[in-house]
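Peer 1: Quick one: the structure is below, questions incoming.
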Amino acid sequence: MSAAAETNESKPWYHPTLGKQMVVGLVVGTIVGWAANAWYMSGVDANTSPEIAKQAQDSLNDFMAWVALVRDVFLHLIQMMIAPLVFASIVQGIAGHEDMKKVGRIGVKALVYFEVVTTLALVVGLLMVNLIHPGKGITLTGNASSLAAMAQNKPLTVIETILHAFPKSIIDAMARGDVLQIVIFSVIFALAVSAAGEAGKPVLLFCDSLRQVMFKFAGLIMTFAPVGVAAAIADTVGLQGLKSLLGLGMLLITLYVSLAVFVVVVFGAVIWLVKIPLKPFVRAVREPFLLAFATANSEAALPDAFARMERLGVPRGIVGFVLPMGYSFNLDGSTLYLAVAGVFIAQAAETVSGVHFTVWHQITMMLVLMLTSKGVAAVPRASLVVLIAALQSFQLPLEGAAMILGIDAFMDMARTSVNVLGNCLASVVVARWEGEFDDKAAQREFGG
């Protein structure tokens, strides 16, 4: 299918675009998950005997295990292509440049942008949670002991983060899918290829061919995306149930509203200041955004984000460098979530203890989060680990983290999709700063 046909907005209803198919998958998956939960858990209430309740839950788990299998197969297919795609894109992008100073300049600009935007994410989260007060009147519940194993996963210190970035084995880094380590190896390898001169040209040609093959590979896998999306959302809704949204609904609303304000105000200001064509950009990022939202997995959206940012007019060298870096240093949605969740728990704890968590305490917590959130690239369930560490540092109850764990899947969907959106925007911003963004390509591919 040609690019023009793929982006044509006037397709007949019976031949929808991939983005529309994923929206349908979201709706169908939500209905399937709700129906499964209602079917298996019907009649289970506070008066139901523990044995019957357990049988119903086990039956639901058995059914959802098959749904989760579909989701996991899709995610595994996506994850298997990330290491070769990132490696080939960075090597081809950097080694293809004759000006190595330019590569360093791009890296510095990206890191500065990442730091400014993530700081603004903390500020927006802090303002919104204090404006809405979602924790007011909430009684802390939950079993803090269930977080004991997770609490052992401490965020890395600055020294540990720097050391972790340099892999002992690239094979091990690729096997674990550690994007930051793959980026570091690929950058050094690309510099070596460039320094090798004529001897490095066959390697450069191979990486260019590998990159193009991996994009075709991604295209094949993405045809399965609507089914994977439906299975992912069905698994979340089926196991959690829509009722799980009610008890902590105000926290969920606060997070979603805060993220919406951040996207409109901060990202909107960036798009206006940098003069990024709005409509083409929105059309380019909507599929990676929806994929990240449905799967709550930013890696699932990476291959599609690579391809669509290139088509939007961002040079492949900038895309291949900035996007993977952002997965470790530009987690806008996760950063905002930390601000909202941390202060929410402090507000809920005040109801019980009567101890007020002042603005200065909140600002201090935000400064701690700014540092610790940079060292979680290799930590499972990173945002929750950082939150637990912050609660321990400020003597706030871990029961708060245990309580919000029940709706963390729904919050993860929102923060992950904003992470992907922010990284796509970062690649366009850096390309514009370098004077290499192709406005004509943006209008041709996504202008309509």
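Each chain of the structure tokens is named A, B, ... in the order shown, its residues numbered from 1; ligands are numbered from 1 in display order.
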For the contact check between region 216-300 of chain A and region 387-411 of chain A, emit one row per residue of region 216-300 of chain A within 12 Å, containing the shortest atom pair and the distance in Å rounded to one decimal, counting only C-alpha atoms, chain then rising number order, as CSV.
Peer 2:
```
residue,atom,partner,partner_atom,distance
A:Ala232,CA,A:Ala409,CA,10.7
A:Ile233,CA,A:Phe410,CA,9.4
A:Ala234,CA,A:Ala409,CA,11.9
A:Asp235,CA,A:Ala409,CA,10.3
A:Thr236,CA,A:Ala409,CA,6.9
A:Val237,CA,A:Phe410,CA,8.8
A:Gly238,CA,A:Ala409,CA,11.8
A:Leu239,CA,A:Gly406,CA,10.2
A:Gln240,CA,A:Gly406,CA,7.3
A:Gly241,CA,A:Ile407,CA,9.8
A:Leu242,CA,A:Ile407,CA,9.9
A:Lys243,CA,A:Ile407,CA,10.2
A:Ser244,CA,A:Ile407,CA,6.7
A:Leu245,CA,A:Ile407,CA,6.7
A:Leu246,CA,A:Ile407,CA,9.8
A:Gly247,CA,A:Ile407,CA,9.4
A:Leu248,CA,A:Ile404,CA,7.4
A:Gly249,CA,A:Ile407,CA,9.1
A:Met250,CA,A:Ile404,CA,11.5
A:Leu251,CA,A:Ile404,CA,8.7
A:Leu252,CA,A:Met411,CA,6.7
A:Ile253,CA,A:Met411,CA,9.7
A:Thr254,CA,A:Met411,CA,10.4
A:Leu255,CA,A:Met411,CA,7.4
A:Tyr256,CA,A:Met411,CA,8.0
A:Val257,CA,A:Met411,CA,11.7
A:Ser258,CA,A:Met411,CA,11.7
A:Leu259,CA,A:Met411,CA,10.5
A:Phe293,CA,A:Phe410,CA,9.2
A:Ala294,CA,A:Phe410,CA,9.6
A:Thr295,CA,A:Ala409,CA,9.7
A:Ala296,CA,A:Ala409,CA,7.5
A:Asn297,CA,A:Ala409,CA,10.7
```
Peer 1: Go ahead and compute the interatomic distance for CA of Gly125 (chain A) and CA of Val179 (chain A), in Å to one decimal.
Peer 2: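 Separation of CA of Gly125 (chain A) and CA of Val179 (chain A): 26.8 Å.
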Peer 1: Between A:Met365, A:Ile106, A:Leu163, A:Met222, which residue has the minimum interatomic distance to Leu122 (chain A), considering only C-alpha atoms?
Peer 2: A:Met365
Peer 1: Considering only C-alpha atoms, return as number ranges by chain whatever protein or nucleic-acid residues lie within 7 Å of region 203-214 of chain A, sequence-local ones (same chain, fewer than 5 positions apart) excluded.
Peer 2: A: 81, 85, 88-89, 91-92
Peer 1: By how many Å are CA of Thr17 (chain A) and CA of Ala231 (chain A) apart?
Peer 2: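 The value is 19.1 Å.
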Peer 1: Neighbouring residues of Val112 (chain A) were defined as those with any atom within 12 Å, considering only C-alpha atoms; residues of the same chain fewer than 2 positions away were excluded. Please report them as a list in words.
Peer 2: Arg105, Ile106, Gly107, Val108, Lys109, Ala110, Phe114, Glu115, Val116, Val117, Thr118, Thr119, Val322, Gly326, Phe329, Asn330, Ala426, Val429 and Val430 of chain A
Peer 1: Rounded to one decimal in Å, what is the spacing between CA of Trp39 (chain A) and CA of Arg71 (chain A)?
Peer 2: 21.2 Å
Peer 1: Quick one: residues within 10 Å of region 57-59 of chain A, only C-alpha atoms, excluding same-chain residues fewer than 6 positions away - as an mmCIF file with N, CA and C atoms, in the first residue's frame?
Peer 2:
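selection-v9.cif was written with the following content:
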```cif
data_model
loop_
_atom_site.group_PDB
_atom_site.id
_atom_site.type_symbol
_atom_site.label_atom_id
_atom_site.label_comp_id
_atom_site.auth_asym_id
_atom_site.auth_seq_id
_atom_site.Cartn_x
_atom_site.Cartn_y
_atom_site.Cartn_z
ATOM 1 N N ASN A 37 -15.991 -10.357 32.836
ATOM 2 C CA ASN A 37 -16.018 -10.105 34.282
ATOM 3 C C ASN A 37 -17.428 -10.239 34.831
ATOM 4 N N TYR A 40 -18.525 -14.227 34.727
ATOM 5 C CA TYR A 40 -17.894 -15.135 35.688
ATOM 6 C C TYR A 40 -18.084 -14.678 37.140
ATOM 7 N N MET A 41 -18.190 -13.365 37.342
ATOM 8 C CA MET A 41 -18.287 -12.857 38.713
ATOM 9 C C MET A 41 -19.718 -12.504 39.095
ATOM 10 N N VAL A 44 -21.356 -12.897 42.769
ATOM 11 C CA VAL A 44 -20.318 -12.839 43.798
ATOM 12 C C VAL A 44 -20.394 -11.484 44.489
ATOM 13 N N GLU A 51 -15.226 -20.023 49.154
ATOM 14 C CA GLU A 51 -14.974 -21.100 48.203
ATOM 15 C C GLU A 51 -15.594 -20.798 46.847
ATOM 16 N N ALA A 65 -6.580 -15.832 30.821
ATOM 17 C CA ALA A 65 -5.236 -16.302 30.476
ATOM 18 C C ALA A 65 -5.113 -16.495 28.963
ATOM 19 N N LEU A 239 -9.973 -8.440 34.257
ATOM 20 C CA LEU A 239 -9.441 -8.782 35.576
ATOM 21 C C LEU A 239 -9.718 -7.698 36.607
#
```
